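Written below as structure tokens is the structure these notes are about.
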Amino acid sequence: MPEGFLACYNRWAMVEITPESTETTSNTGVRVRFAPSPTGYLHTGGARTALFNWLLARSRGGSFILRIEDTDEERSTEESTNAILDGLRWLGLEWDEGPEVGGEFGPYFQSERKELHLKFADRLLKDGHAFVCDCPKDEASDERPKFDENCRERPLSEQLKLLAKNPALPLRLKVDPGQEIAFTDMIRGEVRVSTDEIGDIVIVKSTGGPVYNFSCVIDDATMNITHVLRGEDHLSNTPKQLLIYEKLGWKPPQFAHLPLIVGMDRARLSKRHGATSVTAYRELGILPEALVNFLLLIGWAPKDDREEFTRDEMISAFSVDGIGKSSGAFNTEKLFWFNGKHIRSLTDEEYLRHIFEFVPNEWKKAKRDDHIAKVMLLFKDRVTHFAEIEELAWYFFRAPEEFNEDAWQGIIAGSNSAAMVLKEIPAALKALSEFDCEHIEELVRGYAKDKGLKLKDVIQPLRVATTGDRFSPGFFEMAELLGASEIAKRSSATLAKLSADN
RNA sequence: GGCCCCAUCGUCUAGUGGACUAGGACAUCACUCUUUCAAGGUGAAAACGCGGGUUCAAUUCCCGCUGGGGCUACCA
């Protein structure tokens, strides 16, 4: 790493890209980008930003570009980059240009574009729009003067001399005080800020590294980005970036600042709110289609009342003017509902393929796949997310060790027919010539009728005996899969506990 | 603190100066289906933050307040 700003100087001259060449590149349609920092997993807010960019590109026949902003060496990791790439792919948000797919506007890792950034910093310096700053920080406030009267008017030659003496000096943009910066945000309309709030912004750090707002402008411009859709947390960066576009003499892209996703308590999404990463939802057994559908509806609404969208439907329905202004709470309940909907719309084959990823290994060891598959099918309209299957279906693979107190009192102990049922039905089941759902039903219904019992007075004790609680899929289907001897075993265990209690 | 953004049911949202008795969805509740739980069906309850204007009329336009959020770095 060269020491400071000056050391890079000679190399800039060798960089071939000139502003002219970037400006004349053919401007074919919409070009949008998602530019995450690889400092962690892909979180839901980022996923939503990526989705909206992707939708804008797809709905307008444009390009969706992925740029990794990995200039923070401390925090950027390759694992994060991979996690983000995987997350986007899992969500089905394929990028047209970016890491692993390339493109004519690369490189797509910001760290590899440093020379380009510095080249434009140099141009700004030479054009008198930027200056070398050697002001010390104010001891009290730990800040530099907002507008640097001292350094900004020094002749270029003197500035370069200064830099030669001490390369560890930042470069700042010369900003005119008292000016109003106004721009039209596609979502928020007119936004105005005074340059007095901004001051002479640093564009190159004393380490010689370009500052985010500067890199971002250079990259968006040289990548021919036409629309910048990003989180509202960037709204106050926009005027600063606009100033840079202006000094460089470039036409800025259109900006749209998306409302942020917050927790149900309106606070910024964090660990405290539970799962926040795309990976976490994937591990819970959320389908990408469901997550995408859910994310779509935070901050965007269609013209009609439709809520469920396929990819193609969302692409054709999407438009920026459907995006709202206020932040939206991440409502996991609704995500689960969406997921349940999507699960139920899966074919049995698709459903099984997905849920098998979540079947515990003990189950797979204990039972054959086709048997497990039959069990899983009983839960297709009961699961909201696949990871839930273990707590839902465990009793198909293991006898209950204890009973729900209310169920025991209400259905077993408090019933005068339960003991009889638990003795007689298992015996009759064992004697059944054909042990399938239909024959079991016939037997149980016949038995209830003979004894003058309600069907549920026969079934509920059996259900509690086999599952330990009152809820399960239909008893006949369940019995078929459990087998007569297993039911007999669990019934006698229940009877044993009953007599032990008395 | 300063600057900026935002404000419709608990939540995601639709909506418009009068058609609003404010629409849809999740969640909730009830009923239904039913062997339980789900799923499905039907229905109920549930909101325009407050105060001033403008107007014949304001949830809708303007101002203030309050509340929430963001930014305020030589982080991205």
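Identifiers in the structure tokens: chain A, B, ... in order shown; residue index from 1 per chain; ligand index from 1 in order shown.
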Let's see if you can do this: from backbone DSSP, list all alpha helix (DSSP H) residues in stretch 189-235 of chain A, as a list in words.
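Checking each residue of stretch 189-235 of chain A, the alpha helix (DSSP H) ones are Tyr212, Asn213, Phe214, Ser215, Cys216, Val217, Ile218, Asp219, Asp220, Ala221 and Thr222 of chain A.
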Residues of chain A that approach chain B to 6 Å or less, counting only C-alpha atoms (C1' of nucleotides): could you list each one with the shortest pair of atoms and its distance in Å to one decimal, rows by chain and increasing residue number, as a Markdown table?
```
| residue | atom | partner | partner_atom | distance |
| --- | --- | --- | --- | --- |
| A:Lys205 | CA | B:C74 | C1' | 4.3 |
| A:Ser206 | CA | B:C74 | C1' | 5.9 |
| A:Asp233 | CA | B:G70 | C1' | 5.2 |
| A:Ser236 | CA | B:C71 | C1' | 5.6 |
| A:Asp305 | CA | B:G24 | C1' | 5.4 |
| A:Ser326 | CA | B:C6 | C1' | 5.3 |
| A:Lys334 | CA | B:C26 | C1' | 4.8 |
| A:Asp381 | CA | B:A39 | C1' | 5.4 |
| A:Arg382 | CA | B:A38 | C1' | 5.0 |
| A:Lys456 | CA | B:U35 | C1' | 5.0 |
| A:Ile459 | CA | B:U35 | C1' | 5.7 |
| A:Arg470 | CA | B:U36 | C1' | 5.7 |
| A:Phe471 | CA | B:C37 | C1' | 4.5 |
| A:Ser472 | CA | B:C37 | C1' | 5.6 |
```
With only C-alpha atoms (C1' of nucleotides) as the counted atoms, please give the residues lying no more than 7 Å from stretch 419-423 of chain A, apart from itself and same-chain residues fewer than 4 positions off, as a VMD selection string.
chain A and resid 427 458 462 491 495
